[in-house]
$ cat work.tsv   # TSV, C-alpha atoms
chain	number	residue	atom	x	y	z
N	133	MET	CA	0.00	0.00	0.00
N	134	ASP	CA	0.95	3.65	-0.36
N	135	VAL	CA	1.15	6.32	2.33
N	136	TYR	CA	1.36	10.08	1.61
N	137	ARG	CA	1.26	12.05	4.83
N	138	ILE	CA	2.21	15.27	6.57
N	139	THR	CA	2.20	14.66	10.32
N	140	LYS	CA	3.11	16.22	13.66
N	141	GLU	CA	3.69	12.73	15.10
N	142	PRO	CA	7.05	10.92	15.16
N	143	ILE	CA	7.72	8.98	11.94
N	144	ASP	CA	7.26	5.23	12.39
N	145	VAL	CA	9.78	3.37	10.22
N	146	GLU	CA	8.19	-0.01	11.01
N	147	GLU	CA	4.83	1.20	9.65
N	148	ALA	CA	6.55	2.18	6.38
N	149	LEU	CA	8.23	-1.21	6.05
N	150	GLN	CA	4.90	-2.95	6.52
N	151	ALA	CA	3.26	-0.68	3.92
N	152	ILE	CA	5.79	-1.48	1.18
N	153	ALA	CA	5.96	-5.24	1.93
N	154	ASP	CA	4.84	-7.37	-1.03
N	155	PRO	CA	5.66	-10.97	-2.00
N	156	ALA	CA	6.19	-9.82	-5.59
N	157	VAL	CA	9.05	-7.41	-4.80
N	158	GLY	CA	12.73	-8.26	-4.54
N	159	ALA	CA	13.98	-4.89	-3.28
N	160	GLN	CA	13.07	-2.27	-0.73
N	161	ALA	CA	14.85	1.05	-0.22
N	162	ILE	CA	14.30	3.46	2.62
N	163	PHE	CA	15.68	6.97	3.04
N	164	LEU	CA	15.50	8.92	6.30
N	165	GLY	CA	16.26	12.62	6.54
N	166	THR	CA	17.34	13.73	10.01
N	167	VAL	CA	17.82	17.06	11.78
N	168	ARG	CA	21.46	18.18	11.70
N	169	ASN	CA	23.30	20.12	14.42
N	170	GLU	CA	24.61	22.82	12.08
N	171	PHE	CA	23.81	24.67	8.87
N	172	GLU	CA	26.59	26.17	6.76
N	173	GLY	CA	28.93	26.07	9.73
N	174	LYS	CA	26.58	27.68	12.24
N	175	SER	CA	25.55	25.62	15.26
N	176	SER	CA	21.85	24.74	15.39
N	177	GLN	CA	19.78	23.16	18.13
N	178	GLY	CA	16.89	22.04	15.94
N	179	LEU	CA	14.41	22.83	13.21
N	180	TYR	CA	10.82	23.99	12.98
N	181	TYR	CA	8.88	22.67	9.97
N	182	ASP	CA	5.70	24.21	8.60
N	183	ALA	CA	3.60	22.86	5.71
N	184	TYR	CA	0.56	23.68	3.62
N	185	VAL	CA	-0.88	20.31	4.50
N	186	GLY	CA	-3.63	19.95	1.88
N	187	LEU	CA	-1.49	20.81	-1.12
N	188	ALA	CA	1.59	19.08	0.36
N	189	GLU	CA	-0.20	15.73	0.64
N	190	LYS	CA	-1.50	16.07	-2.94
N	191	GLU	CA	2.03	16.78	-4.16
N	192	LEU	CA	3.40	13.76	-2.24
N	193	ALA	CA	0.78	11.58	-3.97
N	194	GLN	CA	1.74	13.08	-7.36
N	195	ILE	CA	5.41	12.25	-6.71
N	196	GLY	CA	4.43	8.72	-5.69
N	197	ALA	CA	2.57	8.27	-8.99
N	198	GLU	CA	5.68	9.46	-10.85
N	199	LEU	CA	7.90	6.96	-9.01
N	200	LYS	CA	5.53	4.18	-10.08
N	201	ASP	CA	5.42	5.36	-13.72
N	202	GLU	CA	9.12	6.08	-14.13
N	203	PHE	CA	10.80	3.47	-11.92
N	204	GLY	CA	8.21	0.76	-11.60
N	205	ALA	CA	7.77	1.25	-7.86
N	206	ARG	CA	5.04	-1.06	-6.59
N	207	HIS	CA	4.54	0.67	-3.25
N	208	VAL	CA	5.56	4.14	-2.11
N	209	VAL	CA	5.58	5.76	1.34
N	210	LEU	CA	6.32	9.49	1.61
N	211	ILE	CA	5.96	11.00	5.08
N	212	HIS	CA	7.15	14.43	6.27
N	213	ARG	CA	6.96	15.59	9.86
N	214	THR	CA	6.14	19.15	10.96
N	215	GLY	CA	6.56	21.15	14.16
N	216	ASP	CA	9.63	21.60	16.37
N	217	LEU	CA	12.16	18.79	15.92
N	218	PRO	CA	15.35	18.30	17.94
N	219	VAL	CA	18.73	17.38	16.46
N	220	GLY	CA	18.69	13.72	15.37
N	221	ALA	CA	14.93	13.46	14.83
N	222	ILE	CA	13.65	11.95	11.58
N	223	SER	CA	12.04	14.74	9.55
N	224	VAL	CA	11.26	12.86	6.34
N	225	LEU	CA	10.91	9.25	5.19
N	226	VAL	CA	10.92	7.83	1.66
N	227	ALA	CA	10.28	4.10	1.29
N	228	VAL	CA	9.79	2.19	-1.95
N	229	SER	CA	9.57	-1.40	-3.05
N	230	THR	CA	10.42	-2.57	-6.56
N	231	GLY	CA	11.15	-5.72	-8.50
N	232	HIS	CA	14.92	-5.36	-8.36
N	233	ARG	CA	17.71	-3.39	-6.66
N	234	PRO	CA	18.60	-0.68	-9.24
N	235	GLU	CA	15.07	0.73	-9.48
N	236	ALA	CA	14.72	0.76	-5.70
N	237	PHE	CA	17.75	3.05	-5.30
N	238	GLU	CA	16.66	5.21	-8.23
N	239	ALA	CA	13.09	5.60	-6.99
N	240	ALA	CA	14.17	6.47	-3.45
N	241	ARG	CA	16.75	8.99	-4.72
N	242	HIS	CA	14.29	10.73	-7.02
N	243	GLY	CA	11.63	10.54	-4.34
N	244	ILE	CA	13.58	12.55	-1.77
N	245	ASP	CA	14.89	14.98	-4.41
N	246	ARG	CA	11.36	15.75	-5.63
N	247	VAL	CA	9.97	16.06	-2.10
N	248	LYS	CA	12.66	18.63	-1.30
N	249	ALA	CA	12.17	20.54	-4.55
N	250	ARG	CA	8.40	20.66	-4.87
N	251	VAL	CA	6.37	19.97	-1.73
N	252	PRO	CA	5.15	23.09	0.13
N	253	ILE	CA	7.11	22.55	3.36
N	254	TRP	CA	9.44	25.08	4.99
N	255	LYS	CA	12.10	24.77	7.67
N	256	LYS	CA	13.40	27.28	10.18
N	257	GLU	CA	16.72	26.92	12.01
N	258	HIS	CA	16.76	27.42	15.75
N	259	TRP	CA	20.32	28.64	16.21
N	260	SER	CA	22.25	27.56	19.29
N	261	ASP	CA	23.06	31.20	20.08
N	262	GLY	CA	19.34	32.13	20.04
N	263	GLY	CA	17.45	33.58	17.11
N	264	ASP	CA	16.12	31.69	14.15
N	265	ALA	CA	15.99	31.84	10.36
N	266	TRP	CA	13.73	30.44	7.63
N	267	HIS	CA	15.72	28.69	4.92
N	268	HIS	CA	15.76	30.61	1.60
N	269	ASP	CA	14.79	33.85	3.37
N	270	PRO	CA	17.16	36.31	1.69
N	271	THR	CA	17.15	38.59	4.72
N	272	ALA	CA	18.01	35.79	7.16
N	273	PHE	CA	21.35	34.65	5.72
N	274	GLY	CA	22.93	37.97	4.84
N	275	LEU	CA	22.23	37.61	1.12
N	276	THR	CA	20.82	41.11	0.70
C	45	MET	CA	-22.57	45.70	-12.91
C	46	SER	CA	-19.44	44.38	-11.28
C	47	GLN	CA	-19.53	42.95	-7.80
C	48	ASP	CA	-16.88	42.38	-5.19
C	49	ILE	CA	-15.75	38.95	-4.03
C	50	THR	CA	-13.97	37.82	-0.87
C	51	VAL	CA	-10.90	35.57	-1.01
C	52	THR	CA	-8.80	34.08	1.78
C	53	THR	CA	-5.04	34.24	1.38
C	54	LEU	CA	-2.60	32.01	3.30
C	55	PHE	CA	1.01	32.99	3.95
C	56	PHE	CA	3.81	30.60	4.91
C	57	SER	CA	7.42	30.79	6.06
C	58	PHE	CA	9.06	34.20	5.66
C	59	ALA	CA	6.08	35.39	3.59
C	60	ALA	CA	4.04	35.17	6.82
C	61	ASP	CA	6.78	37.14	8.61
C	62	ARG	CA	6.66	39.85	5.95
C	63	MET	CA	2.84	40.06	6.14
C	64	ASN	CA	2.75	39.79	9.95
C	65	CYS	CA	0.00	37.19	9.65
C	66	ARG	CA	-0.66	33.66	8.43
C	67	ASN	CA	-3.92	34.43	6.67
C	68	LYS	CA	-6.01	37.39	5.62
C	69	ASN	CA	-9.27	38.00	3.77
C	70	TYR	CA	-9.33	40.41	0.86
C	71	VAL	CA	-12.34	42.00	-0.85
C	72	ILE	CA	-11.51	42.43	-4.53
C	73	PRO	CA	-13.46	43.13	-7.74
C	74	GLN	CA	-15.03	40.17	-9.49
C	75	GLY	CA	-12.87	39.10	-12.42
C	76	THR	CA	-9.58	39.83	-10.64
C	77	THR	CA	-6.93	37.33	-11.71
C	78	LEU	CA	-4.39	35.62	-9.45
C	79	GLY	CA	-1.64	37.65	-11.14
C	80	GLU	CA	-3.43	40.90	-10.33
C	81	MET	CA	-3.88	39.73	-6.74
C	82	VAL	CA	-0.14	38.98	-6.47
C	83	HIS	CA	0.58	42.46	-7.84
C	84	LEU	CA	-1.71	43.88	-5.15
C	85	LEU	CA	0.26	42.04	-2.42
C	86	GLN	CA	3.70	42.79	-3.84
C	87	PRO	CA	4.45	46.02	-1.92
C	88	GLN	CA	4.23	44.11	1.37
C	89	LEU	CA	5.37	40.66	0.12
C	90	GLY	CA	8.47	42.03	-1.58
C	91	PRO	CA	9.74	42.16	-5.19
C	92	ASP	CA	10.88	38.50	-5.14
C	93	SER	CA	7.24	37.40	-4.68
C	94	THR	CA	6.60	37.63	-8.44
C	95	HIS	CA	8.90	34.59	-8.85
C	96	TRP	CA	7.15	32.47	-6.22
C	97	LEU	CA	4.50	29.79	-6.73
C	98	TYR	CA	0.83	30.21	-5.89
C	99	SER	CA	-2.12	27.89	-5.49
C	100	VAL	CA	-5.88	28.32	-5.55
C	101	ASN	CA	-8.03	25.87	-3.59
C	102	GLU	CA	-5.04	23.54	-3.03
C	103	GLU	CA	-4.10	23.35	-6.71
C	104	TRP	CA	-1.10	25.03	-8.36
C	105	ALA	CA	-2.34	28.03	-10.32
C	106	SER	CA	-0.95	30.47	-12.89
C	107	GLY	CA	-1.39	34.23	-13.06
C	108	GLU	CA	-4.18	34.21	-15.62
C	109	ARG	CA	-6.53	32.28	-13.37
C	110	PRO	CA	-9.64	34.35	-12.51
C	111	LEU	CA	-10.50	34.32	-8.82
C	112	GLU	CA	-13.93	33.46	-7.48
C	113	ASP	CA	-15.77	34.26	-4.29
C	114	GLY	CA	-14.55	32.04	-1.44
C	115	ASP	CA	-11.30	30.99	-3.12
C	116	GLU	CA	-8.38	30.02	-0.89
C	117	ILE	CA	-5.13	31.41	-2.28
C	118	ALA	CA	-1.78	30.24	-0.90
C	119	VAL	CA	1.45	32.20	-1.25
C	120	ILE	CA	4.25	29.64	-1.60
C	121	PRO	CA	7.74	31.11	-1.15
C	122	PRO	CA	10.70	28.84	-2.08
C	123	VAL	CA	10.19	25.51	-0.32
C	124	SER	CA	12.76	23.91	2.00
C	125	GLY	CA	11.45	20.54	3.13
C	126	GLY	CA	13.64	17.53	3.74

$ encode --input "work.tsv" --output "structure tokens"
Amino acid sequence: MDVYRITKEPIDVEEALQAIADPAVGAQAIFLGTVRNEFEGKSSQGLYYDAYVGLAEKELAQIGAELKDEFGARHVVLIHRTGDLPVGAISVLVAVSTGHRPEAFEAARHGIDRVKARVPIWKKEHWSDGGDAWHHDPTAFGLT
Amino acid sequence: MSQDITVTTLFFSFAADRMNCRNKNYVIPQGTTLGEMVHLLQPQLGPDSTHWLYSVNEEWASGERPLEDGDEIAVIPPVSGG
């Protein structure tokens, strides 16, 4: 089965593995994105994620359909968490199952790349020295 | 005779910071397009907002789209999920 979800709850890897299980597949690939303790050399104590949930879940489903069309994925799970996340927390999960190994890696790789590029989700750094900054905000990173 | 319509606009990320709110209702003339609406918001949203993406009723939308009473517009600055 497929899962396309934006959630405030912790991401359950076991649920994803169960969703992509299928006797007809020979390969499963899973990618986890986690919260890092720095961004561009500046120490961070965590991230806040916001999302436009309705459109974000539609876009996740669209990406899942593409992974099936282009890479023959049989099952796709795309889950992104929102809210305040500490360093080390899983923020995003991509899980796919396919007939064979090469397509599994390809589908998972393109899955996370497309989620990052297209889904209406935004992250804000909580710097260790106080203060915070939305990613891509030109005023927040001294770009203007 | 032209009538006014009411649309709800959602702001996310640093667009919400620039607008000092996460959503706002606007009363605009019937027949206003999404592009005209974006132009209306631009002084407060900033010049870069013309390059951002927009949606209407949870579907990606282009500037030519005419707005209707009750539409939900979302202002989507560059995304940064992952």

$ axis_aligned_box --input "work.tsv" --around "range 104-123 of chain C" --padding-each-side "8 Å" --output "lines of an AutoDock Vina configuration file"
center_x = -2.5
center_y = 29.7
center_z = -8.0
size_x = 42.5
size_y = 25.3
size_z = 31.3

$ residues_near_point --input "work.tsv" --point "(6.5, 0.5, 6.5)" --cutoff "12 Å" --atoms "all atoms listed in the file" --output "PyMOL selection string"
chain N and resi 133-136+143-154+160-163+207-211+225-229

$ interface_residues --input "work.tsv" --of "chain C" --to "chain N" --cutoff "6 Å" --atoms "only C-alpha atoms" --output "list in words"
Glu102, Val123, Ser124, Gly125 and Gly126 of chain C

$ atom_distance --input "work.tsv" --atom1 "CA of Asn64 in chain C" --atom2 "CA of Glu116 in chain C"
18.4 Å

$ atom_distance --input "work.tsv" --atom1 "CA of Gly75 in chain C" --atom2 "CA of Tyr98 in chain C"
17.6 Å

$ atom_distance --input "work.tsv" --atom1 "CA of Asp216 in chain N" --atom2 "CA of Glu257 in chain N"
9.9 Å

$ residues_around --input "work.tsv" --residues "Glu198 in chain N" --least-positions-apart "6" --cutoff "10 Å" --atoms "only C-alpha atoms" --output "PyMOL selection string"
chain N and resi 192+204-205+239+242-243+246
